[in-house]
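Student: Mind having a look at this structure? Questions to follow.
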Amino acid sequence: MTDIRDDAFAAFRELFGHEPDGLWSAPGRVNLIGEHTDYNGGFVLPFAIDRRTVAAVAVRDDRMLRVASAFADELVELDLAALSPGALRGWSAYPMGVAWALGATELGELRADLGAVPGVDIFIDSDVPVGAGLSSSAAIECAVALALNDIWRIGLDRAALARAGQLAEHTAVGAPTGIMDQTTSLFGEDGAAVFLDCRSMESHPVRLGFAEAELSLVVIDTATAHDLADGGYRERRASCELAAETLGIASLRDLDADGLPRAREVLDEVTFRRARHVVTENQRVLDTVRLLTEDGPGGIGELLTASHRSLRDDFEVSTPELDLAVETALNLGALGARMTGGGFGGAAIALIPETEESLLRVAIDGAFAEHGYSQPDIFRVNASVGARRDM
Ligand code: ADP
Ligand code: MG
């Protein structure tokens, strides 16, 4: 079997002329439920998927940092002495941003001494679709973070590596995203989702039981552009902050359903709907965890679908393509379906009986063709293990 690990190994040797010291990989993720709750100190329930980004890495005897990817034509190099977030551009800001973040004071005492560590060569390959809302960004960050943590013998724990990935994305890439993606990529387990309280940062695995219930979780990647560094995401975050500030609470985590009537009085109509999404979504995450734990996955479908409607109508981050994917799946007998990820494009998920998988494919292809939308990529995902050293 050839897979991306073999590819990354071979491509590294070809490009750099020597073998890598090791291979490290980290998965993308699907967020089962809990969208736009992370930066509001709320709850999320993502799982790591069986699609991974691999970093083949070797230490150098000088201080150069060199990164290349199967996804990019260029080899990017930088002297470690010149490593700063402002010096980073394009895709290389992800791996190089992580290298920088591992030495940042935000990480506390146990951090890399970037004035002393040796240079490294890094080659990246991946089968996580890029820009599909499956967090190829966290996958690349976490694979590189784990690799450099080993190679540079820093000794950071996984929670700190998640923070390094997030810091890279904030500071070097300029995307103010939450900590969910990195946490999932680092803490994922086979067959389980990661319940994460984004305020306390406590997380624990929640068994999904899809296979036992003969259910498939299918991703429908609409291949429509989204750019979280862009305006829409910032605007939604700003609305949530405005809502919390107006209500005199630290974050929307502190608002519950009982507080919504008052929120409706003091917030403008749009800001109220944004807040209502966050409040109801937090509750849906808790309900999903309870159902999964007590009864298995059979009953969670309605919560998934309610999440989609809330994202579409209250938070307004869905798109016609995502809505079409969701409605088509539901018409075909999906237990539930929703857009996943930040929205403005990207992917939807549907929970369907295993036996319906090929029918769903046909129905979605047909519906998209009928609307003149380009064909989505449709594939099943399984909850998989988090970042690890592979070689
Ligand atoms: P998502 O995380 O949903 O896939 P993002 O826009 O957050 O989308 O991150 C995608 C970006 O991350 C790409 O445009 C690229 O810059 C970088 N990236 C992700 N995976 C790779 C890879 N394997 N090789 C090079 N760059 C990558
Ligand atoms: Mg991303």
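Chain labels run A, B, ... following the order of the structure tokens; each chain numbers its residues from 1, and ligands are numbered from 1 in the order shown.
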Could you give me, as an MDAnalysis selection string, the residues within 9 Å of Leu88 in chain A, counting only C-alpha atoms and dropping anything in the same chain fewer than 5 positions from it?
Tutor: chainID A and resid 83 93:94 96:97 172:173
Student: Got a sec to check which residues lie within 7 Å of ligand 2, using only C-alpha atoms and all ligand atoms, and send them as a list in words?
Tutor: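 The distance check yields Gly131, Gly133, Ser135, Ser136, Ser137 and Ala138 of chain A.
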Student: The selected residues should be written to file as an mmCIF file, in the first residue's frame (atoms: N, CA, C and O atoms).
Tutor:
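out-v8.cif was written with the following content:
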```
data_model
loop_
_atom_site.group_PDB
_atom_site.id
_atom_site.type_symbol
_atom_site.label_atom_id
_atom_site.label_comp_id
_atom_site.auth_asym_id
_atom_site.auth_seq_id
_atom_site.Cartn_x
_atom_site.Cartn_y
_atom_site.Cartn_z
ATOM 1 N N GLY A 131 -8.788 23.785 2.207
ATOM 2 C CA GLY A 131 -9.800 24.830 2.099
ATOM 3 C C GLY A 131 -11.220 24.312 2.063
ATOM 4 O O GLY A 131 -12.137 25.018 1.670
ATOM 5 N N GLY A 133 -12.871 23.216 4.759
ATOM 6 C CA GLY A 133 -13.480 23.269 6.076
ATOM 7 C C GLY A 133 -13.131 22.044 6.917
ATOM 8 O O GLY A 133 -13.722 21.811 7.965
ATOM 9 N N SER A 135 -10.090 21.600 7.980
ATOM 10 C CA SER A 135 -8.911 22.064 8.712
ATOM 11 C C SER A 135 -7.606 21.408 8.278
ATOM 12 O O SER A 135 -6.860 20.852 9.075
ATOM 13 N N SER A 136 -7.325 21.550 6.989
ATOM 14 C CA SER A 136 -5.985 21.213 6.526
ATOM 15 C C SER A 136 -4.968 22.112 7.212
ATOM 16 O O SER A 136 -3.806 21.747 7.380
ATOM 17 N N SER A 137 -5.411 23.301 7.640
ATOM 18 C CA SER A 137 -4.494 24.228 8.312
ATOM 19 C C SER A 137 -4.043 23.667 9.657
ATOM 20 O O SER A 137 -2.840 23.660 9.952
ATOM 21 N N ALA A 138 -4.981 23.165 10.459
ATOM 22 C CA ALA A 138 -4.578 22.582 11.744
ATOM 23 C C ALA A 138 -3.746 21.324 11.521
ATOM 24 O O ALA A 138 -2.818 21.037 12.280
#
```
Student: For ligand 1, return the neighbouring residues as a PyMOL selection string (distance at most 10 Å; only C-alpha atoms and all ligand atoms).
Tutor: chain A and resi 28-30+52-55+67-73+89-95+123-141+169+173+175+177+181+225-230+341-343+345-347
Student: With a distance cut-off of 7 Å and only C-alpha atoms, select the neighbouring residues of range 359-375 of chain A, excluding the residue or stretch itself and same-chain residues fewer than 4 positions from it, and output the selection as a tab-separated table (two decimals) with N, CA and C atoms, in the first residue's frame.
Tutor:
```
chain	number	residue	atom	x	y	z
A	325	ALA	N	-26.92	20.71	-0.45
A	325	ALA	CA	-26.35	19.43	0.00
A	325	ALA	C	-27.14	18.90	1.19
A	328	THR	N	-30.84	17.89	0.16
A	328	THR	CA	-30.82	16.68	-0.66
A	328	THR	C	-30.59	15.45	0.22
A	329	ALA	N	-29.65	15.57	1.15
A	329	ALA	CA	-29.36	14.45	2.04
A	329	ALA	C	-30.58	14.12	2.90
A	332	LEU	N	-33.27	12.33	1.16
A	332	LEU	CA	-32.91	10.96	0.86
A	332	LEU	C	-32.94	10.05	2.09
```
Student: Taking 2 positions as the minimum chain separation for residues in the same chain, which residues sit within 10 Å of Leu65 in chain A when counting only C-alpha atoms? Answer as JSON, numbers by chain.
Tutor: {"A": [59, 60, 62, 63, 67, 76, 77, 78, 79, 80, 81, 82, 83, 95, 96, 99, 118, 119, 120, 121, 122]}
Student: Now that the selection is made, can you save its residues with C-alpha atoms as a PDB file, in the first residue's frame?
Tutor:
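Now in out-v3.pdb:
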```pdb
ATOM      1  CA  VAL A  59      17.675  18.234  11.178  1.00  0.00           C
ATOM      2  CA  ARG A  60      20.345  20.291   9.392  1.00  0.00           C
ATOM      3  CA  ASP A  62      23.218  24.926   9.873  1.00  0.00           C
ATOM      4  CA  ARG A  63      20.449  27.339  10.898  1.00  0.00           C
ATOM      5  CA  VAL A  67       9.950  23.968   3.774  1.00  0.00           C
ATOM      6  CA  VAL A  76      10.838  28.331   0.834  1.00  0.00           C
ATOM      7  CA  GLU A  77      13.875  28.965   2.979  1.00  0.00           C
ATOM      8  CA  LEU A  78      14.662  31.320   5.783  1.00  0.00           C
ATOM      9  CA  ASP A  79      17.479  31.728   8.286  1.00  0.00           C
ATOM     10  CA  LEU A  80      16.138  30.933  11.771  1.00  0.00           C
ATOM     11  CA  ALA A  81      17.648  34.224  12.918  1.00  0.00           C
ATOM     12  CA  ALA A  82      15.279  36.046  10.564  1.00  0.00           C
ATOM     13  CA  LEU A  83      12.197  34.088  11.642  1.00  0.00           C
ATOM     14  CA  PRO A  95       4.880  25.546   8.990  1.00  0.00           C
ATOM     15  CA  MET A  96       7.248  28.450   9.561  1.00  0.00           C
ATOM     16  CA  ALA A  99       8.422  27.065  14.168  1.00  0.00           C
ATOM     17  CA  PRO A 118      19.391  23.722  14.528  1.00  0.00           C
ATOM     18  CA  GLY A 119      17.832  24.293  11.122  1.00  0.00           C
ATOM     19  CA  VAL A 120      15.490  21.708   9.601  1.00  0.00           C
ATOM     20  CA  ASP A 121      14.261  20.522   6.226  1.00  0.00           C
ATOM     21  CA  ILE A 122      10.528  19.842   6.061  1.00  0.00           C
TER      22      ILE A 122
END
```
Student: Would you pick out the contacts of Ala238 in chain A at 12 Å or less, using only C-alpha atoms, so that residues sharing its chain but fewer than 3 positions from it are not included, and give the list as a list in words?
Tutor: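 Surrounding residues, per the criterion: His36, Tyr39, Asn40, Pro176, Gly231, Gly232, Tyr233, Arg234, Glu235, Glu241, Leu242, Ala243, Ala244, Glu245, Ser251, Leu252, Thr271, Arg274 and Ala275 of chain A.
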Student: Could you take the residues named above and write them with N, CA, C and O atoms, as a compact mmCIF listing (two decimals), in the first residue's frame?
Tutor:
```txt
# COMPACT_ATOMS: atom_id res chain seq x y z
N HIS A 36 -19.09 27.90 15.51
CA HIS A 36 -18.96 29.30 15.95
C HIS A 36 -19.23 29.44 17.45
O HIS A 36 -19.64 30.49 17.91
N TYR A 39 -14.94 30.36 19.84
CA TYR A 39 -14.41 31.66 20.27
C TYR A 39 -15.36 32.39 21.21
O TYR A 39 -15.07 33.50 21.65
N ASN A 40 -16.51 31.76 21.51
CA ASN A 40 -17.41 32.31 22.51
C ASN A 40 -17.30 31.54 23.84
O ASN A 40 -18.20 31.62 24.67
N PRO A 176 -7.90 34.78 12.86
CA PRO A 176 -8.19 34.72 14.31
C PRO A 176 -9.10 33.57 14.67
O PRO A 176 -10.22 33.77 15.12
N GLY A 231 -13.40 38.80 5.79
CA GLY A 231 -14.35 39.64 6.51
C GLY A 231 -15.47 38.95 7.26
O GLY A 231 -15.75 39.30 8.41
N GLY A 232 -16.13 37.97 6.63
CA GLY A 232 -17.32 37.39 7.23
C GLY A 232 -17.07 36.81 8.61
O GLY A 232 -17.87 37.00 9.52
N TYR A 233 -15.97 36.11 8.73
CA TYR A 233 -15.64 35.47 10.01
C TYR A 233 -15.38 36.52 11.09
O TYR A 233 -15.91 36.44 12.20
N ARG A 234 -14.59 37.53 10.73
CA ARG A 234 -14.31 38.62 11.69
C ARG A 234 -15.59 39.30 12.14
O ARG A 234 -15.77 39.63 13.31
N GLU A 235 -16.46 39.53 11.14
CA GLU A 235 -17.71 40.23 11.43
C GLU A 235 -18.57 39.43 12.42
O GLU A 235 -19.15 39.99 13.34
N GLU A 241 -18.91 39.47 20.19
CA GLU A 241 -18.28 40.29 21.22
C GLU A 241 -19.18 41.45 21.62
O GLU A 241 -19.32 41.78 22.80
N LEU A 242 -19.79 42.06 20.60
CA LEU A 242 -20.70 43.17 20.87
C LEU A 242 -21.87 42.71 21.74
O LEU A 242 -22.26 43.38 22.71
N ALA A 243 -22.41 41.54 21.42
CA ALA A 243 -23.54 41.01 22.19
C ALA A 243 -23.14 40.81 23.65
O ALA A 243 -23.86 41.23 24.56
N ALA A 244 -21.98 40.18 23.86
CA ALA A 244 -21.54 39.91 25.23
C ALA A 244 -21.31 41.21 25.99
O ALA A 244 -21.73 41.36 27.14
N GLU A 245 -20.67 42.16 25.33
CA GLU A 245 -20.36 43.44 25.97
C GLU A 245 -21.65 44.17 26.35
O GLU A 245 -21.80 44.67 27.46
N SER A 251 -18.53 36.41 28.01
CA SER A 251 -18.67 35.87 26.66
C SER A 251 -20.06 35.25 26.54
O SER A 251 -20.76 35.07 27.54
N LEU A 252 -20.45 34.91 25.32
CA LEU A 252 -21.80 34.36 25.12
C LEU A 252 -21.99 33.01 25.80
O LEU A 252 -23.11 32.54 25.94
N THR A 271 -27.71 41.30 15.75
CA THR A 271 -26.83 40.85 16.84
C THR A 271 -27.55 39.83 17.72
O THR A 271 -26.95 38.85 18.17
N ARG A 274 -27.43 36.46 16.04
CA ARG A 274 -26.09 35.87 16.18
C ARG A 274 -25.94 35.23 17.56
O ARG A 274 -25.46 34.11 17.70
N ALA A 275 -26.38 35.96 18.58
CA ALA A 275 -26.27 35.46 19.96
C ALA A 275 -27.15 34.22 20.15
O ALA A 275 -26.74 33.25 20.79
```
Student: Can you pull out the residues contacting Asp295 in chain A? Cut-off 12 Å, using only C-alpha atoms, and skip same-chain residues under 3 positions away; I want them as a PDB file with N, CA and C atoms, in the first residue's frame.
Tutor:
```pdb
ATOM      1  N   ARG A 207     -17.545   8.454  22.654  1.00  0.00           N
ATOM      2  CA  ARG A 207     -17.705   7.390  21.656  1.00  0.00           C
ATOM      3  C   ARG A 207     -18.798   7.759  20.661  1.00  0.00           C
ATOM      4  N   LEU A 208     -18.519   7.577  19.378  1.00  0.00           N
ATOM      5  CA  LEU A 208     -19.515   7.918  18.367  1.00  0.00           C
ATOM      6  C   LEU A 208     -20.422   6.724  18.041  1.00  0.00           C
ATOM      7  N   GLY A 209     -19.838   5.560  17.918  1.00  0.00           N
ATOM      8  CA  GLY A 209     -20.645   4.360  17.675  1.00  0.00           C
ATOM      9  C   GLY A 209     -21.312   4.323  16.311  1.00  0.00           C
ATOM     10  N   PHE A 210     -20.774   5.048  15.331  1.00  0.00           N
ATOM     11  CA  PHE A 210     -21.401   5.055  14.001  1.00  0.00           C
ATOM     12  C   PHE A 210     -21.364   3.664  13.372  1.00  0.00           C
ATOM     13  N   ALA A 213     -23.752   1.174  14.739  1.00  0.00           N
ATOM     14  CA  ALA A 213     -25.141   1.469  14.367  1.00  0.00           C
ATOM     15  C   ALA A 213     -25.336   1.405  12.851  1.00  0.00           C
ATOM     16  N   ASP A 287     -26.619  18.339  24.353  1.00  0.00           N
ATOM     17  CA  ASP A 287     -27.641  17.323  24.098  1.00  0.00           C
ATOM     18  C   ASP A 287     -27.078  16.180  23.251  1.00  0.00           C
ATOM     19  N   THR A 288     -26.246  16.514  22.284  1.00  0.00           N
ATOM     20  CA  THR A 288     -25.647  15.481  21.428  1.00  0.00           C
ATOM     21  C   THR A 288     -24.752  14.557  22.254  1.00  0.00           C
ATOM     22  N   VAL A 289     -23.945  15.145  23.119  1.00  0.00           N
ATOM     23  CA  VAL A 289     -23.062  14.336  23.968  1.00  0.00           C
ATOM     24  C   VAL A 289     -23.891  13.402  24.850  1.00  0.00           C
ATOM     25  N   ARG A 290     -24.961  13.934  25.406  1.00  0.00           N
ATOM     26  CA  ARG A 290     -25.816  13.119  26.285  1.00  0.00           C
ATOM     27  C   ARG A 290     -26.425  11.951  25.504  1.00  0.00           C
ATOM     28  N   LEU A 291     -26.971  12.260  24.316  1.00  0.00           N
ATOM     29  CA  LEU A 291     -27.583  11.199  23.506  1.00  0.00           C
ATOM     30  C   LEU A 291     -26.560  10.136  23.111  1.00  0.00           C
ATOM     31  N   LEU A 292     -25.388  10.584  22.651  1.00  0.00           N
ATOM     32  CA  LEU A 292     -24.356   9.627  22.230  1.00  0.00           C
ATOM     33  C   LEU A 292     -23.966   8.729  23.387  1.00  0.00           C
ATOM     34  N   GLY A 298     -28.117   7.062  17.070  1.00  0.00           N
ATOM     35  CA  GLY A 298     -29.371   7.039  16.329  1.00  0.00           C
ATOM     36  C   GLY A 298     -30.223   8.281  16.484  1.00  0.00           C
ATOM     37  N   GLY A 299     -30.138   8.943  17.647  1.00  0.00           N
ATOM     38  CA  GLY A 299     -31.042  10.062  17.911  1.00  0.00           C
ATOM     39  C   GLY A 299     -30.464  11.447  17.686  1.00  0.00           C
ATOM     40  N   ILE A 300     -29.252  11.545  17.187  1.00  0.00           N
ATOM     41  CA  ILE A 300     -28.623  12.880  17.126  1.00  0.00           C
ATOM     42  C   ILE A 300     -28.942  13.644  15.844  1.00  0.00           C
TER      43      ILE A 300
END
```
Student: To one decimal place in Å, what is the distance between CA of His277 in chain A and CA of Arg236 in chain A?
Tutor: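 Straight-line distance from CA of His277 in chain A to CA of Arg236 in chain A works out to 11.1 Å.
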Student: For Asn149 in chain A, which residue out of A:Ile179, A:Leu322, A:Val270, A:Val117 is the nearest one, using only C-alpha atoms?
Tutor: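 Closest to Asn149 in chain A of all the choices is A:Val117.
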Student: Between A:Leu107, A:Ala8, A:Ala306, A:Ala112, which residue has the minimum interatomic distance to Arg284 in chain A, considering only C-alpha atoms?
Tutor: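 Smallest separation from Arg284 in chain A among the options: A:Ala306.
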Student: Name the residues of range 52-214 of chain A that come out as alpha helix (DSSP H) in a backbone DSSP run; write them as an NGL selection string.
Tutor: :A and (93-101 or 136-151 or 158-168 or 180-187)
